[in-house]
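S.K.: What follows is a single structure, and I will ask about it in a moment.
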2 protein chains.
Amino acid sequence: MSDLNTCVILKSRPIGIPTPEYFDIIEKPIASLSDGQVLVRTDYWSVEPAMRGWVNDAPNYSPPVPIGDVMRSFATGEVIKSRDANFAVGDQVTGLFGWQTHAVVDGTTISRKITETDLPNSLALGVLGINGVTAYCGFLDLCQPTSGETVVVSTAAGAVGSAVGQLAKIHGCRTIGITSSAAKIDQCKNDFGFDEAISYKSPDFKTELTSTLPDGVDCYFDNTSGDISDAVMCHLALNARITICGTAAHSDWDPIPMGPRVHRQMLVARAKMQGFLVFDHKERFPHAINALANWVRDGSLKYNEHILDGPAAATDAIGMLYRGENTGKLLVRV
Amino acid sequence: MSDLNTCVILKSRPIGIPTPEYFDIIEKPIASLSDGQVLVRTDYWSVEPAMRGWVNDAPNYSPPVPIGDVMRSFATGEVIKSRDANFAVGDQVTGLFGWQTHAVVDGTTISRKITETDLPNSLALGVLGINGVTAYCGFLDLCQPTSGETVVVSTAAGAVGSAVGQLAKIHGCRTIGITSSAAKIDQCKNDFGFDEAISYKSPDFKTELTSTLPDGVDCYFDNTSGDISDAVMCHLALNARITICGTAAHSDWDPIPMGPRVHRQMLVARAKMQGFLVFDHKERFPHAINALANWVRDGSLKYNEHILDGPAAATDAIGMLYRGENTGKLLVRV
């Protein structure tokens with residue numbers, strides 16, 4: 001074990017998408033542990049869209065990463081020293097450890113012990129992490145799909161959308177994925193088992209959507225708002241359930257973008273629409289992760305990972321994400 | 001008892017709002033009863049907005065009233081002959097008896113026996129009828145308000161809105177009524193106990209609304225869509241619940257009118273929005289009517305009635321409703 005901690009630090013405040021010149025890789029001594037702290041040797045670092053917000057000096061869900069600090073990120077790893085009685089050397093854990101090889105953290109800040117140690121730790125950052133749990137709680141818990149229902153998912157090839165589609169199939173639903181390219185349509189159908197997949201960029205998108213929905217939409221997992229939602233909302237079946245998980249179609253909500261009013265469609269279908277934030281549902285996480293892990297094990301829940309190797313690759317990883325160059329959940333293997 | 005049935009019949013197909021010249025008053029013999037039928041002597045006839053649709057020869061929830069037929073309407077009355085074992089002479093009942101003094105109907109078509117016979121039968125057409133039950137199921141069941149929450153109601157001086165506001169007060173909520181005039185503001189505050197009432201026609205409507213909502217909106221009972229909803233949606237508190245009961249702000253939904261998109265507000269507040277049609281909740285009616293009747297008896301649920309006298313008054317009653325001339329639930333006393 002090295003005595004040095006290799007870190008990716010934020011060198012200066014990025015303008016726009018953070019590219020390699022905004023980061024530095026440095027080595028520094030591993031800090032000693034205080035009571036209640038543990039030392040985690042990381043094995044996978046996560047790369048996610050929210051990180052763009054974390055480096056900007058603007059109000060956000062989280063305070064900005066200070067210049068010179070280790071880049072904030074979720075990660076997985078093994079406890080190699082512990083002064084917290086809740087964690088033992090050898091425990092596999094996940095939490096906000098940052099882009100560093102050796103993280104000294106308070107035990108209370110660790111998200112969870114990874115108990116599904118027969119599976120790669122990286123899954124705790126994707127299909128057994130926030131993405132999978134978002135699909136589980138946001139779709140299964142909120143929409144309560146039943147066998148034979150029709151489920152529409154936007155950003156269907158993405159980490160959350162692909163999990164929603166597969167959970168719907170596991171529950172006996174017919175699944176329609178909305179995505180953005182022919183390659184992603186193939187991925188939706190071949191990798192994630194969607195019954196139908198269509199591109200919202202097709203000039204015939206509305207017609208294609210209509211043809212896939214002879215009995216209307218029972219559940220709609222909405223990651224986008226915008227034109228996609230407008231089209232889906234025209235097909236609500238009686239008692240439709242809609243989860244609003246994201247609003248990716250609009251980069252700016254001030255002023256609020258205009259669109260067709262949903263009130264009449266909601267009334268006629270007696271539909272239910274709910275805004276969803278996964279962190280409101282923490283009490284469901286252990287149950288959800290256990291169920292998701294079992295579906296991964298039996299092959300009914302598939303996932304794509306795009307793994308970059310080594311700390312240096314991290315510096316351009318957020319850029320890759322925003323340029324759409326990743327082919328699955330983007331990770332850095334330490 | 002007269003042997004003749006006095007009826008208001010539809011004389012010709014109205015253009016626009018049905019006024020007296022489209023109706024005739026006639027007398028005809030009371031039909032004899034077949035097995036399963038009962039004869040009801042009516043005491044109150046209902047007048048409601050839906051009746052305008054019922055006389056037009058256009059697709060609607062119900063088929064149009066044929067020319068020459070008794071005008072369709074809800075009514076109350078007493079069973080004076082019965083060939084249905086479920087109904088005895090002397091039973092008070094409500095149903096779609098039409099604008100006639102003596103209705104021969106199948107027992108199976110009677111909406112319910114009126115069991116709260118200590119109260120006027122007319123209430124079964126208003127606060128203990130569809131209006132009250134709509135407030136009960138649409139607000140209490142769907143929104144699940146709790147003490148201390150803030151509740152906003154549109155068309156707050158109306159039959160449904162005023163009941164929603166009072167049910168909210170009964171459950172310990174702070175109530176904000178949105179209405180259309182100074183007179184109705186007074187009615188909201190003085191008759192129906194709203195904590196605040198404002199007019200959406202005020203040039204300072206948005207500012208006034210904001211000032212009444214320091215802690216945001218926990219429950220919003222939406223009868224309008226349109227500008228009123230747009231304003232309320234800017235104030236959603238965390239976990240807000242919204243019932244869409246009506247869309248009165250827009251007379252035409254084809255094409256769908258545009259408005260600010262609700263998705264971001266729903267997501268940020270993790271709000272729940274549900275379309276509501278009272279007839280989906282029939283299993284709750286007995287419970288709701290019993291609860292509502294008790295609140296009427298103890299004085300915590302008030303209502304306004306505007307009662308016209310005699311069949312001749314019925315012919316202009318729908319017109320009165322559309323000209324806004326009624327001061328409460330509009331009824332004809334036979």
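By order in the structure tokens, chains are A, B, ...; within a chain, residues start at 1; ligands start at 1, following the order shown.
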Near chain B, which residues of chain A fall within 10 Å when you count only C-alpha atoms, and what do they look like as JSON, numbers by chain?

M.R.: {"A": [222, 223, 224, 225, 226, 229, 239, 240, 241, 242, 243, 244, 245, 246, 247, 250, 253, 255, 256, 257, 258, 259, 260, 261, 262, 263, 264, 265, 266, 267, 268, 269, 270, 271, 272, 273, 274, 275, 276, 277, 280]}

S.K.: Mind writing the picked residues with C-alpha atoms as a PDB file, in the first residue's frame?

M.R.:
ATOM      1  CA  ASP A 222     -40.709  11.297 -17.549  1.00  0.00           C
ATOM      2  CA  ASN A 223     -37.038  12.309 -17.582  1.00  0.00           C
ATOM      3  CA  THR A 224     -37.416  15.205 -20.003  1.00  0.00           C
ATOM      4  CA  SER A 225     -40.536  17.382 -20.002  1.00  0.00           C
ATOM      5  CA  GLY A 226     -40.662  19.252 -23.351  1.00  0.00           C
ATOM      6  CA  SER A 229     -43.828  14.725 -22.665  1.00  0.00           C
ATOM      7  CA  ASN A 239     -55.828   6.099 -14.236  1.00  0.00           C
ATOM      8  CA  ALA A 240     -52.416   6.745 -15.787  1.00  0.00           C
ATOM      9  CA  ARG A 241     -49.497   7.358 -13.423  1.00  0.00           C
ATOM     10  CA  ILE A 242     -46.676   9.741 -14.293  1.00  0.00           C
ATOM     11  CA  THR A 243     -43.382  10.125 -12.478  1.00  0.00           C
ATOM     12  CA  ILE A 244     -41.504  13.342 -13.146  1.00  0.00           C
ATOM     13  CA  CYS A 245     -37.897  12.396 -12.512  1.00  0.00           C
ATOM     14  CA  GLY A 246     -36.109  14.964 -14.639  1.00  0.00           C
ATOM     15  CA  THR A 247     -36.655  17.897 -16.970  1.00  0.00           C
ATOM     16  CA  HIS A 250     -35.141  22.460 -20.927  1.00  0.00           C
ATOM     17  CA  TRP A 253     -36.587  27.213 -16.205  1.00  0.00           C
ATOM     18  CA  PRO A 255     -38.760  32.067 -17.115  1.00  0.00           C
ATOM     19  CA  ILE A 256     -40.778  28.883 -17.164  1.00  0.00           C
ATOM     20  CA  PRO A 257     -40.974  27.494 -20.711  1.00  0.00           C
ATOM     21  CA  MET A 258     -44.445  27.303 -22.219  1.00  0.00           C
ATOM     22  CA  GLY A 259     -46.148  24.136 -23.374  1.00  0.00           C
ATOM     23  CA  PRO A 260     -49.585  22.598 -23.786  1.00  0.00           C
ATOM     24  CA  ARG A 261     -51.500  22.646 -20.509  1.00  0.00           C
ATOM     25  CA  VAL A 262     -51.823  19.197 -18.928  1.00  0.00           C
ATOM     26  CA  HIS A 263     -54.939  19.853 -16.842  1.00  0.00           C
ATOM     27  CA  ARG A 264     -57.582  18.536 -19.201  1.00  0.00           C
ATOM     28  CA  GLN A 265     -55.606  15.399 -20.046  1.00  0.00           C
ATOM     29  CA  MET A 266     -55.023  14.770 -16.338  1.00  0.00           C
ATOM     30  CA  LEU A 267     -58.724  15.249 -15.610  1.00  0.00           C
ATOM     31  CA  VAL A 268     -60.071  13.126 -18.450  1.00  0.00           C
ATOM     32  CA  ALA A 269     -57.697  10.263 -17.595  1.00  0.00           C
ATOM     33  CA  ARG A 270     -57.981  10.789 -13.828  1.00  0.00           C
ATOM     34  CA  ALA A 271     -54.212  10.607 -14.021  1.00  0.00           C
ATOM     35  CA  LYS A 272     -51.736  11.015 -11.194  1.00  0.00           C
ATOM     36  CA  MET A 273     -48.471  12.922 -11.713  1.00  0.00           C
ATOM     37  CA  GLN A 274     -45.750  13.048  -9.080  1.00  0.00           C
ATOM     38  CA  GLY A 275     -42.432  14.835  -8.815  1.00  0.00           C
ATOM     39  CA  PHE A 276     -39.725  12.475  -7.584  1.00  0.00           C
ATOM     40  CA  LEU A 277     -36.415  12.993  -5.812  1.00  0.00           C
ATOM     41  CA  ASP A 280     -36.764  11.458  -0.162  1.00  0.00           C
TER      42      ASP A 280
END

S.K.: Considering only helix (DSSP H, G or I) as DSSP defines it on the backbone, what residues of segment 98-276 of chain B qualify? List them as a PDB file with N, CA and C atoms, in the first residue's frame.

M.R.:
ATOM      1  N   GLY B 107     -86.475   1.440 -10.245  1.00  0.00           N
ATOM      2  CA  GLY B 107     -85.832   1.542  -8.927  1.00  0.00           C
ATOM      3  C   GLY B 107     -84.317   1.508  -9.022  1.00  0.00           C
ATOM      4  N   THR B 108     -83.813   0.762 -10.001  1.00  0.00           N
ATOM      5  CA  THR B 108     -82.349   0.632 -10.139  1.00  0.00           C
ATOM      6  C   THR B 108     -81.683   1.952 -10.543  1.00  0.00           C
ATOM      7  N   THR B 109     -82.464   2.893 -11.044  1.00  0.00           N
ATOM      8  CA  THR B 109     -81.856   4.157 -11.492  1.00  0.00           C
ATOM      9  C   THR B 109     -81.864   5.219 -10.395  1.00  0.00           C
ATOM     10  N   ASN B 121     -84.650  17.983   1.920  1.00  0.00           N
ATOM     11  CA  ASN B 121     -84.281  17.162   0.766  1.00  0.00           C
ATOM     12  C   ASN B 121     -83.378  17.903  -0.214  1.00  0.00           C
ATOM     13  N   SER B 122     -83.561  19.223  -0.309  1.00  0.00           N
ATOM     14  CA  SER B 122     -82.781  19.998  -1.286  1.00  0.00           C
ATOM     15  C   SER B 122     -81.277  19.811  -1.101  1.00  0.00           C
ATOM     16  N   LEU B 123     -80.846  19.538   0.131  1.00  0.00           N
ATOM     17  CA  LEU B 123     -79.399  19.386   0.360  1.00  0.00           C
ATOM     18  C   LEU B 123     -78.824  18.203  -0.415  1.00  0.00           C
ATOM     19  N   ALA B 124     -79.671  17.220  -0.695  1.00  0.00           N
ATOM     20  CA  ALA B 124     -79.200  16.057  -1.464  1.00  0.00           C
ATOM     21  C   ALA B 124     -78.812  16.446  -2.886  1.00  0.00           C
ATOM     22  N   LEU B 125     -79.210  17.633  -3.321  1.00  0.00           N
ATOM     23  CA  LEU B 125     -78.838  18.126  -4.653  1.00  0.00           C
ATOM     24  C   LEU B 125     -77.645  19.081  -4.591  1.00  0.00           C
ATOM     25  N   ILE B 130     -73.739  15.752  -5.181  1.00  0.00           N
ATOM     26  CA  ILE B 130     -72.483  15.677  -5.932  1.00  0.00           C
ATOM     27  C   ILE B 130     -71.492  16.756  -5.505  1.00  0.00           C
ATOM     28  N   ASN B 131     -71.992  17.959  -5.207  1.00  0.00           N
ATOM     29  CA  ASN B 131     -71.068  19.039  -4.843  1.00  0.00           C
ATOM     30  C   ASN B 131     -70.297  18.709  -3.567  1.00  0.00           C
ATOM     31  N   GLY B 132     -71.025  18.331  -2.541  1.00  0.00           N
ATOM     32  CA  GLY B 132     -70.373  18.021  -1.271  1.00  0.00           C
ATOM     33  C   GLY B 132     -69.484  16.794  -1.360  1.00  0.00           C
ATOM     34  N   VAL B 133     -69.982  15.791  -2.063  1.00  0.00           N
ATOM     35  CA  VAL B 133     -69.212  14.555  -2.199  1.00  0.00           C
ATOM     36  C   VAL B 133     -67.944  14.800  -3.025  1.00  0.00           C
ATOM     37  N   THR B 134     -68.048  15.687  -4.025  1.00  0.00           N
ATOM     38  CA  THR B 134     -66.856  16.068  -4.793  1.00  0.00           C
ATOM     39  C   THR B 134     -65.817  16.693  -3.871  1.00  0.00           C
ATOM     40  N   ALA B 135     -66.259  17.584  -3.006  1.00  0.00           N
ATOM     41  CA  ALA B 135     -65.325  18.202  -2.064  1.00  0.00           C
ATOM     42  C   ALA B 135     -64.732  17.148  -1.134  1.00  0.00           C
ATOM     43  N   TYR B 136     -65.574  16.260  -0.647  1.00  0.00           N
ATOM     44  CA  TYR B 136     -65.109  15.255   0.310  1.00  0.00           C
ATOM     45  C   TYR B 136     -64.060  14.332  -0.334  1.00  0.00           C
ATOM     46  N   CYS B 137     -64.433  13.712  -1.447  1.00  0.00           N
ATOM     47  CA  CYS B 137     -63.539  12.726  -2.071  1.00  0.00           C
ATOM     48  C   CYS B 137     -62.370  13.404  -2.784  1.00  0.00           C
ATOM     49  N   GLY B 138     -62.661  14.487  -3.491  1.00  0.00           N
ATOM     50  CA  GLY B 138     -61.626  15.149  -4.277  1.00  0.00           C
ATOM     51  C   GLY B 138     -60.620  15.880  -3.421  1.00  0.00           C
ATOM     52  N   PHE B 139     -61.085  16.410  -2.306  1.00  0.00           N
ATOM     53  CA  PHE B 139     -60.155  17.125  -1.435  1.00  0.00           C
ATOM     54  C   PHE B 139     -59.659  16.243  -0.288  1.00  0.00           C
ATOM     55  N   LEU B 140     -60.570  15.776   0.555  1.00  0.00           N
ATOM     56  CA  LEU B 140     -60.097  15.038   1.741  1.00  0.00           C
ATOM     57  C   LEU B 140     -59.399  13.731   1.345  1.00  0.00           C
ATOM     58  N   ASP B 141     -60.023  12.943   0.475  1.00  0.00           N
ATOM     59  CA  ASP B 141     -59.434  11.644   0.137  1.00  0.00           C
ATOM     60  C   ASP B 141     -58.153  11.802  -0.679  1.00  0.00           C
ATOM     61  N   LEU B 142     -58.172  12.680  -1.674  1.00  0.00           N
ATOM     62  CA  LEU B 142     -57.000  12.778  -2.548  1.00  0.00           C
ATOM     63  C   LEU B 142     -55.873  13.604  -1.918  1.00  0.00           C
ATOM     64  N   CYS B 143     -56.205  14.712  -1.289  1.00  0.00           N
ATOM     65  CA  CYS B 143     -55.154  15.598  -0.766  1.00  0.00           C
ATOM     66  C   CYS B 143     -54.705  15.224   0.645  1.00  0.00           C
ATOM     67  N   ALA B 159     -70.311  26.121  -5.202  1.00  0.00           N
ATOM     68  CA  ALA B 159     -70.842  25.036  -4.383  1.00  0.00           C
ATOM     69  C   ALA B 159     -69.735  24.069  -3.952  1.00  0.00           C
ATOM     70  N   VAL B 160     -68.866  23.699  -4.872  1.00  0.00           N
ATOM     71  CA  VAL B 160     -67.789  22.772  -4.528  1.00  0.00           C
ATOM     72  C   VAL B 160     -66.696  23.501  -3.749  1.00  0.00           C
ATOM     73  N   GLY B 161     -66.265  24.656  -4.276  1.00  0.00           N
ATOM     74  CA  GLY B 161     -65.169  25.390  -3.648  1.00  0.00           C
ATOM     75  C   GLY B 161     -65.460  25.770  -2.204  1.00  0.00           C
ATOM     76  N   SER B 162     -66.695  26.229  -1.959  1.00  0.00           N
ATOM     77  CA  SER B 162     -67.019  26.637  -0.585  1.00  0.00           C
ATOM     78  C   SER B 162     -67.021  25.430   0.348  1.00  0.00           C
ATOM     79  N   ALA B 163     -67.416  24.281  -0.148  1.00  0.00           N
ATOM     80  CA  ALA B 163     -67.374  23.066   0.684  1.00  0.00           C
ATOM     81  C   ALA B 163     -65.932  22.642   0.944  1.00  0.00           C
ATOM     82  N   VAL B 164     -65.084  22.726  -0.079  1.00  0.00           N
ATOM     83  CA  VAL B 164     -63.673  22.370   0.109  1.00  0.00           C
ATOM     84  C   VAL B 164     -63.052  23.262   1.185  1.00  0.00           C
ATOM     85  N   GLY B 165     -63.304  24.568   1.076  1.00  0.00           N
ATOM     86  CA  GLY B 165     -62.737  25.490   2.060  1.00  0.00           C
ATOM     87  C   GLY B 165     -63.172  25.157   3.479  1.00  0.00           C
ATOM     88  N   GLN B 166     -64.438  24.824   3.625  1.00  0.00           N
ATOM     89  CA  GLN B 166     -64.938  24.511   4.967  1.00  0.00           C
ATOM     90  C   GLN B 166     -64.421  23.159   5.472  1.00  0.00           C
ATOM     91  N   LEU B 167     -64.309  22.184   4.598  1.00  0.00           N
ATOM     92  CA  LEU B 167     -63.725  20.900   5.021  1.00  0.00           C
ATOM     93  C   LEU B 167     -62.271  21.099   5.457  1.00  0.00           C
ATOM     94  N   ALA B 168     -61.573  21.996   4.745  1.00  0.00           N
ATOM     95  CA  ALA B 168     -60.188  22.287   5.122  1.00  0.00           C
ATOM     96  C   ALA B 168     -60.137  22.921   6.510  1.00  0.00           C
ATOM     97  N   LYS B 169     -61.039  23.878   6.777  1.00  0.00           N
ATOM     98  CA  LYS B 169     -61.079  24.508   8.107  1.00  0.00           C
ATOM     99  C   LYS B 169     -61.393  23.465   9.179  1.00  0.00           C
ATOM    100  N   ILE B 170     -62.359  22.604   8.897  1.00  0.00           N
ATOM    101  CA  ILE B 170     -62.729  21.550   9.856  1.00  0.00           C
ATOM    102  C   ILE B 170     -61.502  20.692  10.194  1.00  0.00           C
ATOM    103  N   ALA B 182     -65.713  41.388  -5.317  1.00  0.00           N
ATOM    104  CA  ALA B 182     -65.708  41.821  -3.916  1.00  0.00           C
ATOM    105  C   ALA B 182     -66.841  41.149  -3.139  1.00  0.00           C
ATOM    106  N   ALA B 183     -68.000  40.996  -3.797  1.00  0.00           N
ATOM    107  CA  ALA B 183     -69.129  40.361  -3.107  1.00  0.00           C
ATOM    108  C   ALA B 183     -68.802  38.915  -2.757  1.00  0.00           C
ATOM    109  N   LYS B 184     -68.141  38.237  -3.678  1.00  0.00           N
ATOM    110  CA  LYS B 184     -67.804  36.837  -3.420  1.00  0.00           C
ATOM    111  C   LYS B 184     -66.666  36.717  -2.400  1.00  0.00           C
ATOM    112  N   ILE B 185     -65.781  37.698  -2.369  1.00  0.00           N
ATOM    113  CA  ILE B 185     -64.750  37.708  -1.316  1.00  0.00           C
ATOM    114  C   ILE B 185     -65.431  37.767   0.044  1.00  0.00           C
ATOM    115  N   ASP B 186     -66.424  38.667   0.169  1.00  0.00           N
ATOM    116  CA  ASP B 186     -67.171  38.754   1.435  1.00  0.00           C
ATOM    117  C   ASP B 186     -67.835  37.421   1.773  1.00  0.00           C
ATOM    118  N   GLN B 187     -68.461  36.827   0.759  1.00  0.00           N
ATOM    119  CA  GLN B 187     -69.134  35.544   0.963  1.00  0.00           C
ATOM    120  C   GLN B 187     -68.136  34.473   1.435  1.00  0.00           C
ATOM    121  N   CYS B 188     -66.978  34.442   0.785  1.00  0.00           N
ATOM    122  CA  CYS B 188     -65.944  33.463   1.169  1.00  0.00           C
ATOM    123  C   CYS B 188     -65.550  33.638   2.631  1.00  0.00           C
ATOM    124  N   LYS B 189     -65.329  34.901   3.017  1.00  0.00           N
ATOM    125  CA  LYS B 189     -64.841  35.144   4.375  1.00  0.00           C
ATOM    126  C   LYS B 189     -65.955  34.994   5.406  1.00  0.00           C
ATOM    127  N   ASN B 190     -67.112  35.604   5.103  1.00  0.00           N
ATOM    128  CA  ASN B 190     -68.157  35.678   6.126  1.00  0.00           C
ATOM    129  C   ASN B 190     -69.037  34.436   6.170  1.00  0.00           C
ATOM    130  N   ASP B 191     -69.374  33.900   5.006  1.00  0.00           N
ATOM    131  CA  ASP B 191     -70.251  32.724   4.995  1.00  0.00           C
ATOM    132  C   ASP B 191     -69.466  31.430   5.161  1.00  0.00           C
ATOM    133  N   PHE B 205     -53.443  40.634  -8.417  1.00  0.00           N
ATOM    134  CA  PHE B 205     -53.759  39.264  -7.997  1.00  0.00           C
ATOM    135  C   PHE B 205     -52.515  38.481  -7.562  1.00  0.00           C
ATOM    136  N   LYS B 206     -51.490  38.503  -8.398  1.00  0.00           N
ATOM    137  CA  LYS B 206     -50.306  37.683  -8.081  1.00  0.00           C
ATOM    138  C   LYS B 206     -49.640  38.145  -6.786  1.00  0.00           C
ATOM    139  N   THR B 207     -49.559  39.457  -6.614  1.00  0.00           N
ATOM    140  CA  THR B 207     -48.959  39.996  -5.391  1.00  0.00           C
ATOM    141  C   THR B 207     -49.806  39.643  -4.182  1.00  0.00           C
ATOM    142  N   GLU B 208     -51.121  39.785  -4.336  1.00  0.00           N
ATOM    143  CA  GLU B 208     -52.012  39.457  -3.221  1.00  0.00           C
ATOM    144  C   GLU B 208     -51.904  37.974  -2.876  1.00  0.00           C
ATOM    145  N   LEU B 209     -51.851  37.145  -3.898  1.00  0.00           N
ATOM    146  CA  LEU B 209     -51.729  35.702  -3.644  1.00  0.00           C
ATOM    147  C   LEU B 209     -50.434  35.409  -2.885  1.00  0.00           C
ATOM    148  N   THR B 210     -49.343  35.982  -3.370  1.00  0.00           N
ATOM    149  CA  THR B 210     -48.044  35.758  -2.725  1.00  0.00           C
ATOM    150  C   THR B 210     -48.087  36.154  -1.257  1.00  0.00           C
ATOM    151  N   SER B 211     -48.739  37.274  -0.971  1.00  0.00           N
ATOM    152  CA  SER B 211     -48.740  37.764   0.410  1.00  0.00           C
ATOM    153  C   SER B 211     -49.559  36.859   1.338  1.00  0.00           C
ATOM    154  N   THR B 212     -50.474  36.077   0.752  1.00  0.00           N
ATOM    155  CA  THR B 212     -51.257  35.159   1.599  1.00  0.00           C
ATOM    156  C   THR B 212     -50.543  33.826   1.798  1.00  0.00           C
ATOM    157  N   GLY B 226     -55.623  27.495 -16.228  1.00  0.00           N
ATOM    158  CA  GLY B 226     -55.464  28.884 -16.642  1.00  0.00           C
ATOM    159  C   GLY B 226     -54.578  29.712 -15.720  1.00  0.00           C
ATOM    160  N   ASP B 227     -54.768  31.029 -15.802  1.00  0.00           N
ATOM    161  CA  ASP B 227     -53.901  31.962 -15.082  1.00  0.00           C
ATOM    162  C   ASP B 227     -53.908  31.734 -13.572  1.00  0.00           C
ATOM    163  N   ILE B 228     -55.064  31.339 -13.048  1.00  0.00           N
ATOM    164  CA  ILE B 228     -55.141  31.112 -11.599  1.00  0.00           C
ATOM    165  C   ILE B 228     -54.196  29.983 -11.199  1.00  0.00           C
ATOM    166  N   SER B 229     -54.273  28.886 -11.918  1.00  0.00           N
ATOM    167  CA  SER B 229     -53.384  27.764 -11.611  1.00  0.00           C
ATOM    168  C   SER B 229     -51.924  28.145 -11.789  1.00  0.00           C
ATOM    169  N   ASP B 230     -51.640  28.878 -12.847  1.00  0.00           N
ATOM    170  CA  ASP B 230     -50.252  29.271 -13.091  1.00  0.00           C
ATOM    171  C   ASP B 230     -49.695  30.025 -11.889  1.00  0.00           C
ATOM    172  N   ALA B 231     -50.521  30.905 -11.322  1.00  0.00           N
ATOM    173  CA  ALA B 231     -50.073  31.687 -10.175  1.00  0.00           C
ATOM    174  C   ALA B 231     -49.882  30.800  -8.948  1.00  0.00           C
ATOM    175  N   VAL B 232     -50.828  29.912  -8.709  1.00  0.00           N
ATOM    176  CA  VAL B 232     -50.736  29.045  -7.520  1.00  0.00           C
ATOM    177  C   VAL B 232     -49.542  28.106  -7.621  1.00  0.00           C
ATOM    178  N   MET B 233     -49.288  27.592  -8.816  1.00  0.00           N
ATOM    179  CA  MET B 233     -48.200  26.618  -9.002  1.00  0.00           C
ATOM    180  C   MET B 233     -46.818  27.201  -8.684  1.00  0.00           C
ATOM    181  N   HIS B 263     -43.689  20.955 -14.952  1.00  0.00           N
ATOM    182  CA  HIS B 263     -42.827  19.824 -14.581  1.00  0.00           C
ATOM    183  C   HIS B 263     -41.766  20.178 -13.539  1.00  0.00           C
ATOM    184  N   ARG B 264     -41.126  21.349 -13.718  1.00  0.00           N
ATOM    185  CA  ARG B 264     -40.056  21.696 -12.786  1.00  0.00           C
ATOM    186  C   ARG B 264     -40.616  21.979 -11.394  1.00  0.00           C
ATOM    187  N   GLN B 265     -41.750  22.692 -11.367  1.00  0.00           N
ATOM    188  CA  GLN B 265     -42.380  22.984 -10.081  1.00  0.00           C
ATOM    189  C   GLN B 265     -42.802  21.693  -9.380  1.00  0.00           C
ATOM    190  N   MET B 266     -43.347  20.757 -10.138  1.00  0.00           N
ATOM    191  CA  MET B 266     -43.757  19.467  -9.573  1.00  0.00           C
ATOM    192  C   MET B 266     -42.555  18.707  -9.017  1.00  0.00           C
ATOM    193  N   LEU B 267     -41.442  18.777  -9.756  1.00  0.00           N
ATOM    194  CA  LEU B 267     -40.236  18.045  -9.354  1.00  0.00           C
ATOM    195  C   LEU B 267     -39.622  18.669  -8.106  1.00  0.00           C
ATOM    196  N   VAL B 268     -39.443  19.977  -8.135  1.00  0.00           N
ATOM    197  CA  VAL B 268     -38.791  20.650  -7.008  1.00  0.00           C
ATOM    198  C   VAL B 268     -39.605  20.449  -5.724  1.00  0.00           C
ATOM    199  N   ALA B 269     -40.921  20.506  -5.836  1.00  0.00           N
ATOM    200  CA  ALA B 269     -41.778  20.348  -4.648  1.00  0.00           C
ATOM    201  C   ALA B 269     -42.108  18.883  -4.358  1.00  0.00           C
TER     202      ALA B 269
END

S.K.: What is the distance between atom CA of Tyr303 of chain A and atom CA of Arg174 of chain A, in Å to one decimal?

M.R.: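 Here the two named atoms are 19.3 Å from each other.
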
S.K.: What is the atom CA of Arg41 of chain B to atom CA of Asp118 of chain B distance in Å?

M.R.: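 For atom CA of Arg41 of chain B relative to atom CA of Asp118 of chain B, the distance reads 18.7 Å.
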
S.K.: Please list as an mmCIF file with C-alpha atoms, in the first residue's frame every residue within 8 Å of segment 80-96 of chain B, counting only C-alpha atoms and excluding residues in the same chain fewer than 4 positions away.

M.R.:
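Dumped to out-v5.cif:
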data_model
loop_
_atom_site.group_PDB
_atom_site.id
_atom_site.type_symbol
_atom_site.label_atom_id
_atom_site.label_comp_id
_atom_site.auth_asym_id
_atom_site.auth_seq_id
_atom_site.Cartn_x
_atom_site.Cartn_y
_atom_site.Cartn_z
ATOM 1 C CA LEU B 33 -95.994 1.307 -13.000
ATOM 2 C CA SER B 34 -94.361 -1.811 -14.394
ATOM 3 C CA ASP B 35 -92.583 -4.298 -12.165
ATOM 4 C CA GLY B 36 -89.446 -2.768 -10.662
ATOM 5 C CA GLN B 37 -90.681 0.791 -11.099
ATOM 6 C CA VAL B 38 -91.547 3.455 -8.566
ATOM 7 C CA LEU B 39 -93.493 6.696 -8.749
ATOM 8 C CA VAL B 40 -91.702 9.669 -7.200
ATOM 9 C CA ARG B 41 -93.473 12.941 -6.395
ATOM 10 C CA ARG B 72 -83.299 15.772 -17.772
ATOM 11 C CA SER B 73 -82.223 16.818 -14.290
ATOM 12 C CA PHE B 74 -81.392 15.580 -10.863
ATOM 13 C CA ALA B 75 -84.225 15.963 -8.380
ATOM 14 C CA THR B 76 -85.446 14.840 -4.987
ATOM 15 C CA GLY B 107 -85.832 1.542 -8.927
ATOM 16 C CA THR B 109 -81.856 4.157 -11.492
ATOM 17 C CA ILE B 110 -82.470 5.881 -8.161
ATOM 18 C CA SER B 111 -79.189 7.380 -6.916
ATOM 19 C CA ARG B 112 -79.918 6.836 -3.241
ATOM 20 C CA LYS B 113 -82.444 6.923 -0.440
ATOM 21 C CA ILE B 114 -82.125 10.119 1.555
ATOM 22 C CA THR B 115 -81.529 8.929 5.111
ATOM 23 C CA THR B 117 -84.487 13.156 6.717
ATOM 24 C CA ASN B 121 -84.281 17.162 0.766
ATOM 25 C CA ALA B 124 -79.200 16.057 -1.464
ATOM 26 C CA LEU B 125 -78.838 18.126 -4.653
#
